[in-house]
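Asker: After the structure tokens below, expect a handful of questions from me.
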There are 6 protein chains.
Amino acid sequence: MKPLLLAAFFWFSACSLMADEGARPLRIICFGAHPDDCEIQAGGVAAMWAAKGHKVKLVSVTNGDIGHWREAGGPLALRRKKEADQADKILGVTTEILDIHDGELLPTLENRKLITKAIREWNADLVLGPRPNDYHPDHRYTGVLVQDAAYMVTVPFFCPDVPAMKNNPVFMYYPDRFQKPNPFKPDVAVSIDSVIDKKLDALGVMISQFAEGGANGGPNLYPDDAAKQKTRQEQVRKNFSNWFAGNANHFRETLGEFYGADQSGKVQFAEAFELCEYGRQPDKKELERLFPFFEQKK
Amino acid sequence: MKPLLLAAFFWFSACSLMADEGARPLRIICFGAHPDDCEIQAGGVAAMWAAKGHKVKLVSVTNGDIGHWREAGGPLALRRKKEADQADKILGVTTEILDIHDGELLPTLENRKLITKAIREWNADLVLGPRPNDYHPDHRYTGVLVQDAAYMVTVPFFCPDVPAMKNNPVFMYYPDRFQKPNPFKPDVAVSIDSVIDKKLDALGVMISQFAEGGANGGPNLYPDDAAKQKTRQEQVRKNFSNWFAGNANHFRETLGEFYGADQSGKVQFAEAFELCEYGRQPDKKELERLFPFFEQKK
Amino acid sequence: MKPLLLAAFFWFSACSLMADEGARPLRIICFGAHPDDCEIQAGGVAAMWAAKGHKVKLVSVTNGDIGHWREAGGPLALRRKKEADQADKILGVTTEILDIHDGELLPTLENRKLITKAIREWNADLVLGPRPNDYHPDHRYTGVLVQDAAYMVTVPFFCPDVPAMKNNPVFMYYPDRFQKPNPFKPDVAVSIDSVIDKKLDALGVMISQFAEGGANGGPNLYPDDAAKQKTRQEQVRKNFSNWFAGNANHFRETLGEFYGADQSGKVQFAEAFELCEYGRQPDKKELERLFPFFEQKK
Amino acid sequence: MKPLLLAAFFWFSACSLMADEGARPLRIICFGAHPDDCEIQAGGVAAMWAAKGHKVKLVSVTNGDIGHWREAGGPLALRRKKEADQADKILGVTTEILDIHDGELLPTLENRKLITKAIREWNADLVLGPRPNDYHPDHRYTGVLVQDAAYMVTVPFFCPDVPAMKNNPVFMYYPDRFQKPNPFKPDVAVSIDSVIDKKLDALGVMISQFAEGGANGGPNLYPDDAAKQKTRQEQVRKNFSNWFAGNANHFRETLGEFYGADQSGKVQFAEAFELCEYGRQPDKKELERLFPFFEQKK
Amino acid sequence: MKPLLLAAFFWFSACSLMADEGARPLRIICFGAHPDDCEIQAGGVAAMWAAKGHKVKLVSVTNGDIGHWREAGGPLALRRKKEADQADKILGVTTEILDIHDGELLPTLENRKLITKAIREWNADLVLGPRPNDYHPDHRYTGVLVQDAAYMVTVPFFCPDVPAMKNNPVFMYYPDRFQKPNPFKPDVAVSIDSVIDKKLDALGVMISQFAEGGANGGPNLYPDDAAKQKTRQEQVRKNFSNWFAGNANHFRETLGEFYGADQSGKVQFAEAFELCEYGRQPDKKELERLFPFFEQKK
Amino acid sequence: MKPLLLAAFFWFSACSLMADEGARPLRIICFGAHPDDCEIQAGGVAAMWAAKGHKVKLVSVTNGDIGHWREAGGPLALRRKKEADQADKILGVTTEILDIHDGELLPTLENRKLITKAIREWNADLVLGPRPNDYHPDHRYTGVLVQDAAYMVTVPFFCPDVPAMKNNPVFMYYPDRFQKPNPFKPDVAVSIDSVIDKKLDALGVMISQFAEGGANGGPNLYPDDAAKQKTRQEQVRKNFSNWFAGNANHFRETLGEFYGADQSGKVQFAEAFELCEYGRQPDKKELERLFPFFEQKK
């Protein structure tokens, strides 16, 4: 018997059981630091949830207003808002971009409250976000902010103007390559083969970030020439395709746990997520309910 | 030879030896995020120290003013102050509650100074607090603040109005169940069998938090009916009893190091603590001096 | 194939290749929390780089104004500025001390921008700093700030008044003895035998910190008596000498990777550094280019 | 010719002319520090605007969560939200309460942006708020925040996610009794005789603040006794009635400017407002358009 | 009838009447930005109150740690603490110095709470402080902070851990020479002839500030020579004597209102205070009760 | 005898006399909120000082990065930097632009230190800036920050890394049209007839702000058509010309005090400044030394 888990059961008993909600659609909210992070990390599952009638919202915690080598400020923020709208229309999801300067996110109390309310207002069953140890400070502090909201969403008199959640959502992290202080460890991996084109299409419309190269790009990447632009777009598509194919290889073992050995070997493109220790701790069955993509495949 | 430890010896030579202080009582200060955290995590050893004439102070870094499903704000803060006073009277210890909003603690400089002065003013030999990776942001930032004070207590011109400590105290953490980035690792475990009733009594008077269920409770837990209230109180007592019994099982190996194999096998209820790497690094002998509970038992 | 590294390649392609720069001197910037931290941790390599014509800057992020048992405030800050100037003249490097109170450093946006600009203005190839888990809060937050700048230095419209870096520098950490959440792991180790006297001389002129004992010192350490002062200075020199000799033993294996088994066994004094996962990820060849001290020794 | 006014004309030429908007209803937004301040200061004109089909929004910048002698925190905030909803239903206006602790408002950038967006989203022609020198710090800082938004609402890339206003609204202050550094000076005064009962009704439902006495009340004011409660309600009504009657006397001269000597002498109850020097500077004709209450009376 | 005053009566009715408290001593708290400001501005009345058995506390909101041309930091803070203790012993009053850096005071919420609690804990009838428009930013922000506390001291759930005041104290300002936005206007003036020597003695022991010249002094003012030191001390005494004599002339008219024409003409040294519009508004009779120095003189 | 002025003399005696410095050029530093404010308000005197060999620096406290209807962010900041460089070259002065977001300036301690150091590093005899009550929050807070630095520049251990000023500079305000809490009152007025073309030229090169209309402009103001652009440039020039001519009329009386009745009547274009009560208080003779433009004209 794990005494600490018992203790945990005691504390969270009010919120640890999720009612059988029959046909109610799942509600998922994804946080990213910039308008493209959610799309890259969870664009596939987002499209898959949406296709099944579940409700997905992608929130960019900053407005991305320094994410380009030539443009910046409000005009860039507005351009990226349009790109996100287009991308999220392709994916079939809702999008929101908070008005916080790119590169300047801090884990303040004001921001913790914004995140807490966003989760409550979406009435999320599942919350996705970055780990607190990624390469960009905005990613890290988005991770900290989501963690800082992970219990507070259930406390009625924190942000009393938005009703608290009866059921603490499950919180999960996006993958990253960083090993310290501890590496990403997948708890679920999903084949996105069925939506790979949709995801690549969605990323493709975010011209400012990928074709043009974002903050580290330059004028030669996407010149004023239709042919060269097409070539560049194909290169971007190929790069992303390789990335998500790499994910499938990298997380093959976890895919196996959910799809069985046979099916999992055939997965070409994947996304994976790690369970956050804060928030509700689901068992495998609940994970499969939250990611309702494995039924027929086993 | 560990060169870095040698270096450490050099830097801390002024504060690394604790004078034989004969009959001077030990002075312990415990930090928790809310008015009940210290009591849960260290209520047993606190009562044991107090019983031997040592001086224990429990400090809640926030006033707990959102820790209930129906009440909040100043009225709840005052109610919890009373509950903590009652509980700490049972345990025989001193209590203090800082006037910081529950759910809003941040590792600011102002708060670092409050913690530093509290440690100095108590002239603590030993400081207890949460690790910086627990489920509640207030717990985490309490942990960060205690860490941030762990060296500064010795620096005379940080907070020059309160004399600095000649001897850096030992800092230790409470247990939690979180594995990332690294799990809790007990450095000392103490049988609280002799005071288990006192500890359960103390927790029992914190009605707002346990009988009524705190922030995640609800109206059905502790209705206006004496019989049902008694039943609920017994349930709370049983839950806590299971928790601390679970601790004994979970930390049996560490109990063995301090009580010997025979004695440790009989321990029913336990508390355990992990050494913080900041602050003075005690050897086992000093740990046994700080936790003077093992003498006759070996 | 590591898909995440591939992704990383994609994102950083604009900055991942360092042009062959022929005779251009290397540019190294070292951050420490106080005016002596850089000298202790990297004074040896700094002198060695300087001797070869490379450009080294040591930046103290606080002004050290509580780093003494008797003096404090602006007068101490000015005294330490003088000591740092003297020490850095011995080492042959440039020094800068930011006007931030000792013991009060926080990872604010203002400070992130100061660090980002310092790195850009120095046009650094290599950035050194503490890990975010050292015993002093200023050390930890210096580590956080350097991490927070590690990508932002490449973003043109973060701090647009100072041109962004085309090549993301390599970021490395100083050693410390802390094991949690993860221990220091050397990625490079350098013999400082050739400059050990210079380094000890440089540390020797920082009277306020070492002879007098800094914040944890006292009046008996360095009394007004030339003979006793000489004895104390020798003691300080001996302590440091043991420290850096200890480093050589502690990091012998890593020395072996760079010097070969034979040479490395003879190294008496060493400094070592760990690669930060943020910033450019060099291969061993680039490490050897950045630390151009191994050529003849292999 | 006033050269500085000429200069002003030059700068604001883009926003200084308000198009003849025919039948478009006026849009008014009122800021108060607490949920009752707008109702007290502008409840009369609000009801009159609403009755004519104009759109009025009352915004409380704090949630009023310490505005009672017995209750506080979230439960009080929710109670006051209900009271404000009831009151504003009576007045026929929209209400919003920001989630900021009562007594803790500061003129931060986050709050400036909240106010700026609220004004833009309401597309206000007229903005009302307290002067920056009232007795309560929340009143003063509400005044500062509204001033700080008074020009920024027109700047497109401040808060680029909410379209900027083409026409800078007119900003006006509520009256207060403070003489330093300069007294309130009415620029417009309005008879609220036609809606006095509605205003008194609206204030009457804010039991927590008036019948019970708010932060400075006590248990004897509004005891659990229907008859005594009725008496107290009448007393509150009488006090407010006297207040607004006092306003009529106090601002009789200004009433005269707008109603003519005859009519103004008969006004029993009034509200008055002072023009803020920031924001658009209306002439009397525009004031009469913004306060369309004087037509038949002249 | 002043309607706004009537309204004010309504709002403050709970706290506007001060019970006849018979022999209870008056309780006065004075705030200054630095350890010497209260003594200069109110040292005379402080000594007079103390002599009559009333309770006076002088609070320095900063620790004065940059108030010298040669010394600074903690050592200066401690020196000034000693000087203030000596001076306040001469005056017969209590002293407190907050641990806030000199030159760095800001009107934060944390500081507002410190001031609020200090007033409540002293249970003050009268609060003195600087106006918000003096030459030193610390003076100005001390003024702002005292204003920001002027109503909050009566609100029970602002700082609920310290009981709120039933009677709002009277708040008054020290004189200064600044004309904008409005000049100091004395509401009471007191002859300090009976304690002028005591006041000059008290200021005389604050060597760091006056004999040595404080932040704008220099080495020649108070050299290491007993005779020259005596001369300098006499010069300081003379300067202060002239200052307070100047006050008597400057505020002669107000002295007349309280002492009558005859007596007032003979006053040699004076202190004067202006009523703050926030806090309780006393009539002349209450002013004479708060400054019980005029009885026999009329 | 004004006792308070005497007191003031006492306090500032160390810095109140400015040595006859013979041929040393005057050093003037001007603060504006945005890159154009100094040029508008003091471009004339700046050019006149420069022409006589005095040293003038114009500092924009924000980078102006939202000061346009179409552009924003870093690209606009860089464009405005170029425009300011061009304009200041025409005027013959030095320019600096701080890296603070336009529209987001707050009177923080960090900013106070930046301003203090800028004044010290320029070793200014005279400091110009906006009053704290102008229409734009950045203007107001620039005014507050300059005030907050006005005494601190003389305190050696505030910002100890930059030597404090022995002589407190004279601080003066730019004119504005605001009447509350008190109107601008000119203490000196200067004919800029001799440099009016230079000033208009300098303003003319700030295309983004004037020809294009800045934040409140639009696409029609300065279309892509050389003829229309010329027309618009002439209109801008005319508007500014009218403004500065208006100043001459508005401040004719003050011009008379400095030029005599005859000369002053002929002044066509003027700039005027109000003495700040903080900082050194010059007599008329010193004003004439600081503004060495009146000699031959009297």
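Scheme for the structure tokens: letters A, B, ... for chains in order shown; per-chain residue numbers from 1; ligand numbers from 1 in order shown.
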Please list as a ChimeraX atom specification every residue within 9 Å of Gly73 in chain F, counting only C-alpha atoms and excluding residues in the same chain fewer than 6 positions away.
Answerer: /A:65-66,71-76 /C:157,160 /D:157 /F:64-66,101
Asker: Output N, CA and C atoms for every residue in that selection, as a short mmCIF file (atom, residue, chain, number, x, y, z; two decimals), in the first residue's frame.
Answerer:
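Listed below is the output, selection_19.cif:
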```cif
data_model
loop_
_atom_site.label_atom_id
_atom_site.label_comp_id
_atom_site.auth_asym_id
_atom_site.auth_seq_id
_atom_site.Cartn_x
_atom_site.Cartn_y
_atom_site.Cartn_z
N ASP A 65 4.71 38.59 -30.68
CA ASP A 65 5.02 39.83 -31.42
C ASP A 65 6.50 40.11 -31.64
N ILE A 66 7.38 39.15 -31.31
CA ILE A 66 8.76 39.30 -31.79
C ILE A 66 9.18 38.04 -32.57
N GLU A 71 9.58 41.60 -39.09
CA GLU A 71 8.41 42.25 -38.54
C GLU A 71 8.36 42.05 -37.03
N ALA A 72 7.59 42.92 -36.37
CA ALA A 72 7.44 42.74 -34.92
C ALA A 72 6.32 43.64 -34.44
N GLY A 73 6.04 43.56 -33.17
CA GLY A 73 5.04 44.42 -32.56
C GLY A 73 3.62 44.03 -32.96
N GLY A 74 2.71 44.97 -32.76
CA GLY A 74 1.31 44.72 -33.03
C GLY A 74 1.02 44.22 -34.43
N PRO A 75 1.64 44.79 -35.46
CA PRO A 75 1.35 44.28 -36.80
C PRO A 75 1.67 42.79 -36.93
N LEU A 76 2.76 42.35 -36.35
CA LEU A 76 3.08 40.92 -36.39
C LEU A 76 2.08 40.13 -35.57
N PHE C 157 14.11 41.17 -32.41
CA PHE C 157 13.27 42.23 -31.86
C PHE C 157 13.01 42.08 -30.37
N PRO C 160 15.60 45.38 -29.37
CA PRO C 160 15.99 45.68 -30.75
C PRO C 160 17.12 46.70 -30.86
N PHE D 157 -1.54 50.18 -31.63
CA PHE D 157 -0.69 49.05 -31.26
C PHE D 157 -0.42 48.98 -29.76
N GLY F 64 9.49 54.35 -28.37
CA GLY F 64 8.50 54.79 -29.35
C GLY F 64 7.91 53.70 -30.20
N ASP F 65 7.89 52.48 -29.70
CA ASP F 65 7.57 51.37 -30.60
C ASP F 65 6.08 51.12 -30.83
N ILE F 66 5.20 52.01 -30.33
CA ILE F 66 3.82 51.94 -30.82
C ILE F 66 3.37 53.28 -31.40
N HIS F 101 9.38 49.80 -23.67
CA HIS F 101 8.23 49.83 -24.57
C HIS F 101 7.44 51.14 -24.42
#
```
Asker: Between chain E and chain B, at 9 Å or less, what are the per-residue closest atom pairs and their distances in Å? Count only C-alpha atoms, order by chain and rising residue number, and return it as a tab-separated table.
Answerer:
```
residue	atom	partner	partner_atom	distance
E:Asn63	CA	B:Asp161	CA	8.8
E:Gly73	CA	B:Phe157	CA	7.5
E:Gly74	CA	B:Phe157	CA	5.1
E:Pro75	CA	B:Phe157	CA	7.6
E:Ala77	CA	B:Pro160	CA	7.5
E:Leu78	CA	B:Asp161	CA	7.1
E:Lys81	CA	B:Asp161	CA	8.7
E:Ile97	CA	B:Asp161	CA	8.5
E:Leu98	CA	B:Asp161	CA	8.4
E:Asp99	CA	B:Cys159	CA	6.6
E:Ile100	CA	B:Cys159	CA	8.8
E:Glu110	CA	B:Glu110	CA	7.9
E:Pro156	CA	B:Gly74	CA	8.1
E:Phe157	CA	B:Gly74	CA	5.1
E:Phe158	CA	B:Gly74	CA	7.7
E:Cys159	CA	B:Asp99	CA	6.6
E:Pro160	CA	B:Gly74	CA	5.3
E:Asp161	CA	B:Asp99	CA	6.6
```
Asker: Any idea what's packed within 9 Å of Asn182 in chain E, counting only C-alpha atoms, ignoring anything in its chain fewer than 6 positions away? Could you give it as a count of residues only?
Answerer: 6
Asker: Got a sec: who's within 7 Å of Tyr222 in chain B, counting only C-alpha atoms, leaving out chain neighbours fewer than 6 positions off, as a PyMOL selection string?
Answerer: chain B and resi 211-212+228-229+232
Asker: Please save N, CA and C atoms of the selected residues as a PDB file, in the first residue's frame.
Answerer:
```
ATOM      1  N   ALA B 211     -12.806  18.131   8.797  1.00  0.00           N
ATOM      2  CA  ALA B 211     -14.198  17.687   8.900  1.00  0.00           C
ATOM      3  C   ALA B 211     -15.026  18.316   7.767  1.00  0.00           C
ATOM      4  N   GLU B 212     -14.822  19.581   7.544  1.00  0.00           N
ATOM      5  CA  GLU B 212     -15.611  20.262   6.515  1.00  0.00           C
ATOM      6  C   GLU B 212     -15.000  20.134   5.120  1.00  0.00           C
ATOM      7  N   LYS B 228     -23.854  12.810  13.023  1.00  0.00           N
ATOM      8  CA  LYS B 228     -23.126  12.761  11.749  1.00  0.00           C
ATOM      9  C   LYS B 228     -21.763  13.456  11.862  1.00  0.00           C
ATOM     10  N   GLN B 229     -21.716  14.489  12.676  1.00  0.00           N
ATOM     11  CA  GLN B 229     -20.436  15.178  12.867  1.00  0.00           C
ATOM     12  C   GLN B 229     -19.441  14.243  13.540  1.00  0.00           C
ATOM     13  N   ARG B 232     -18.164  11.828  11.062  1.00  0.00           N
ATOM     14  CA  ARG B 232     -17.207  12.449  10.147  1.00  0.00           C
ATOM     15  C   ARG B 232     -15.851  12.662  10.836  1.00  0.00           C
TER      16      ARG B 232
END
```
Asker: Grab the CA of Phe210 in chain B to CA of Phe273 in chain B distance for me, in Å with one decimal place.
Answerer: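 These two atoms are separated by 23.4 Å.
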Asker: Residues near Ile192 in chain A, anyone? I mean within 8 Å using only C-alpha atoms, not counting same-chain ones fewer than 6 positions away, as a ChimeraX atom specification.
Answerer: /A:44-45,48,268-271
Asker: Using C-alpha atoms, can you export the residues from the last selection as a tab-separated table (two decimals), in the first residue's frame?
Answerer:
```tsv
chain	number	residue	atom	x	y	z
A	44	GLY	CA	-2.80	16.13	-34.87
A	45	VAL	CA	-4.78	15.03	-31.84
A	48	MET	CA	-8.76	14.05	-34.41
A	268	GLN	CA	4.02	6.67	-39.51
A	269	PHE	CA	3.44	9.94	-37.63
A	270	ALA	CA	2.83	10.46	-33.94
A	271	GLU	CA	2.32	12.87	-31.09
```
Asker: List every residue of range 137-179 of chain F that DSSP, applied to the backbone of this structure, assigns to strand (DSSP E), and report them as a JSON list (two decimals) with N, CA and C atoms, in the first residue's frame.
Answerer:
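Listing of states-v7.json after writing:
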```
[["chain", "number", "residue", "atom", "x", "y", "z"],
["F", 170, "VAL", "N", 19.95, 72.21, -12.11],
["F", 170, "VAL", "CA", 18.65, 72.87, -12.18],
["F", 170, "VAL", "C", 17.74, 71.99, -13.04],
["F", 171, "PHE", "N", 16.52, 71.78, -12.56],
["F", 171, "PHE", "CA", 15.54, 70.98, -13.31],
["F", 171, "PHE", "C", 14.42, 71.89, -13.79],
["F", 172, "MET", "N", 14.03, 71.76, -15.04],
["F", 172, "MET", "CA", 12.95, 72.59, -15.59],
["F", 172, "MET", "C", 11.99, 71.73, -16.41],
["F", 173, "TYR", "N", 10.77, 72.26, -16.53],
["F", 173, "TYR", "CA", 9.71, 71.54, -17.23],
["F", 173, "TYR", "C", 9.41, 72.17, -18.60]]
```
Asker: From range 5-112 of chain B, collect each residue whose DSSP state is helix (DSSP H, G or I) and return the set as a PyMOL selection string.
Answerer: chain B and resi 5-15+37-51+73-91+109-112
Asker: Considering only C-alpha atoms, return as a ChimeraX atom specification whatever protein or nucleic-acid residues lie within 10 Å of Gln209 in chain F, sequence-local ones (same chain, fewer than 2 positions apart) excluded.
Answerer: /F:35-36,64,67-69,80,83,203-207,211-217
Asker: May I have the selected residues written with N, CA and C atoms, as a PDB file, in the first residue's frame?
Answerer:
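Just written: again_26.pdb:
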```
ATOM      1  N   PRO F  35      10.772  59.391 -28.896  1.00  0.00           N
ATOM      2  CA  PRO F  35      11.776  60.024 -29.757  1.00  0.00           C
ATOM      3  C   PRO F  35      11.128  61.085 -30.656  1.00  0.00           C
ATOM      4  N   ASP F  36      10.873  62.226 -30.135  1.00  0.00           N
ATOM      5  CA  ASP F  36      10.421  63.436 -30.823  1.00  0.00           C
ATOM      6  C   ASP F  36       9.999  64.474 -29.790  1.00  0.00           C
ATOM      7  N   GLY F  64       9.488  54.348 -28.369  1.00  0.00           N
ATOM      8  CA  GLY F  64       8.500  54.794 -29.345  1.00  0.00           C
ATOM      9  C   GLY F  64       7.906  53.700 -30.200  1.00  0.00           C
ATOM     10  N   GLY F  67       4.315  54.111 -31.764  1.00  0.00           N
ATOM     11  CA  GLY F  67       3.990  55.463 -32.196  1.00  0.00           C
ATOM     12  C   GLY F  67       3.672  55.569 -33.683  1.00  0.00           C
ATOM     13  N   HIS F  68       2.865  54.689 -34.194  1.00  0.00           N
ATOM     14  CA  HIS F  68       2.517  54.771 -35.611  1.00  0.00           C
ATOM     15  C   HIS F  68       1.213  54.006 -35.838  1.00  0.00           C
ATOM     16  N   TRP F  69       0.494  54.392 -36.855  1.00  0.00           N
ATOM     17  CA  TRP F  69      -0.793  53.752 -37.144  1.00  0.00           C
ATOM     18  C   TRP F  69      -0.651  52.444 -37.912  1.00  0.00           C
ATOM     19  N   ARG F  80      12.558  54.937 -35.811  1.00  0.00           N
ATOM     20  CA  ARG F  80      12.545  56.187 -35.044  1.00  0.00           C
ATOM     21  C   ARG F  80      13.929  56.542 -34.523  1.00  0.00           C
ATOM     22  N   GLU F  83      15.472  58.279 -37.362  1.00  0.00           N
ATOM     23  CA  GLU F  83      14.926  59.631 -37.505  1.00  0.00           C
ATOM     24  C   GLU F  83      15.482  60.560 -36.423  1.00  0.00           C
ATOM     25  N   LEU F 203      12.464  68.545 -37.175  1.00  0.00           N
ATOM     26  CA  LEU F 203      11.164  67.889 -37.012  1.00  0.00           C
ATOM     27  C   LEU F 203      10.703  67.297 -38.341  1.00  0.00           C
ATOM     28  N   GLY F 204      11.070  67.946 -39.405  1.00  0.00           N
ATOM     29  CA  GLY F 204      10.654  67.464 -40.721  1.00  0.00           C
ATOM     30  C   GLY F 204      11.173  66.085 -41.067  1.00  0.00           C
ATOM     31  N   VAL F 205      12.346  65.729 -40.563  1.00  0.00           N
ATOM     32  CA  VAL F 205      12.890  64.410 -40.925  1.00  0.00           C
ATOM     33  C   VAL F 205      12.243  63.289 -40.121  1.00  0.00           C
ATOM     34  N   MET F 206      11.456  63.656 -39.097  1.00  0.00           N
ATOM     35  CA  MET F 206      10.777  62.614 -38.331  1.00  0.00           C
ATOM     36  C   MET F 206       9.462  62.263 -39.040  1.00  0.00           C
ATOM     37  N   ILE F 207       9.628  61.712 -40.220  1.00  0.00           N
ATOM     38  CA  ILE F 207       8.508  61.425 -41.112  1.00  0.00           C
ATOM     39  C   ILE F 207       7.440  60.580 -40.426  1.00  0.00           C
ATOM     40  N   ALA F 211       4.790  63.733 -40.780  1.00  0.00           N
ATOM     41  CA  ALA F 211       4.206  63.595 -42.116  1.00  0.00           C
ATOM     42  C   ALA F 211       3.201  62.444 -42.125  1.00  0.00           C
ATOM     43  N   GLU F 212       3.568  61.349 -41.534  1.00  0.00           N
ATOM     44  CA  GLU F 212       2.683  60.181 -41.549  1.00  0.00           C
ATOM     45  C   GLU F 212       1.683  60.182 -40.409  1.00  0.00           C
ATOM     46  N   GLY F 213       1.889  61.028 -39.437  1.00  0.00           N
ATOM     47  CA  GLY F 213       0.882  61.227 -38.407  1.00  0.00           C
ATOM     48  C   GLY F 213       1.020  60.404 -37.145  1.00  0.00           C
ATOM     49  N   GLY F 214       2.079  59.593 -37.052  1.00  0.00           N
ATOM     50  CA  GLY F 214       2.291  58.826 -35.825  1.00  0.00           C
ATOM     51  C   GLY F 214       1.135  57.888 -35.518  1.00  0.00           C
ATOM     52  N   ALA F 215       0.894  57.679 -34.225  1.00  0.00           N
ATOM     53  CA  ALA F 215      -0.107  56.698 -33.795  1.00  0.00           C
ATOM     54  C   ALA F 215      -1.506  57.060 -34.262  1.00  0.00           C
ATOM     55  N   ASN F 216      -1.807  58.339 -34.397  1.00  0.00           N
ATOM     56  CA  ASN F 216      -3.150  58.756 -34.784  1.00  0.00           C
ATOM     57  C   ASN F 216      -3.261  59.139 -36.253  1.00  0.00           C
ATOM     58  N   GLY F 217      -2.210  58.821 -37.023  1.00  0.00           N
ATOM     59  CA  GLY F 217      -2.247  59.136 -38.445  1.00  0.00           C
ATOM     60  C   GLY F 217      -3.009  58.084 -39.246  1.00  0.00           C
TER      61      GLY F 217
END
```
Asker: Which residue out of F:Val195, F:Ala149, F:Ala272, F:Leu290 has the minimum interatomic distance to Gly246 in chain F when only C-alpha atoms are used?
Answerer: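 Ranked by minimum distance to Gly246 in chain F, first place goes to F:Ala272.
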Asker: Give me the residues near Gly92 in chain E as a list in words, where near means some atom within 7 Å (using only C-alpha atoms) and where sequence neighbours in that chain fewer than 3 positions away do not count.
Answerer: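 The residues satisfying every condition are Ala47, Ala50, Asp88 and Lys89 of chain E.
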Asker: When distances are computed from only C-alpha atoms, which of F:Ala202, F:Ala189, F:Ile119, F:Leu275 shows the smallest separation from Gly260 in chain F?
Answerer: F:Ala189
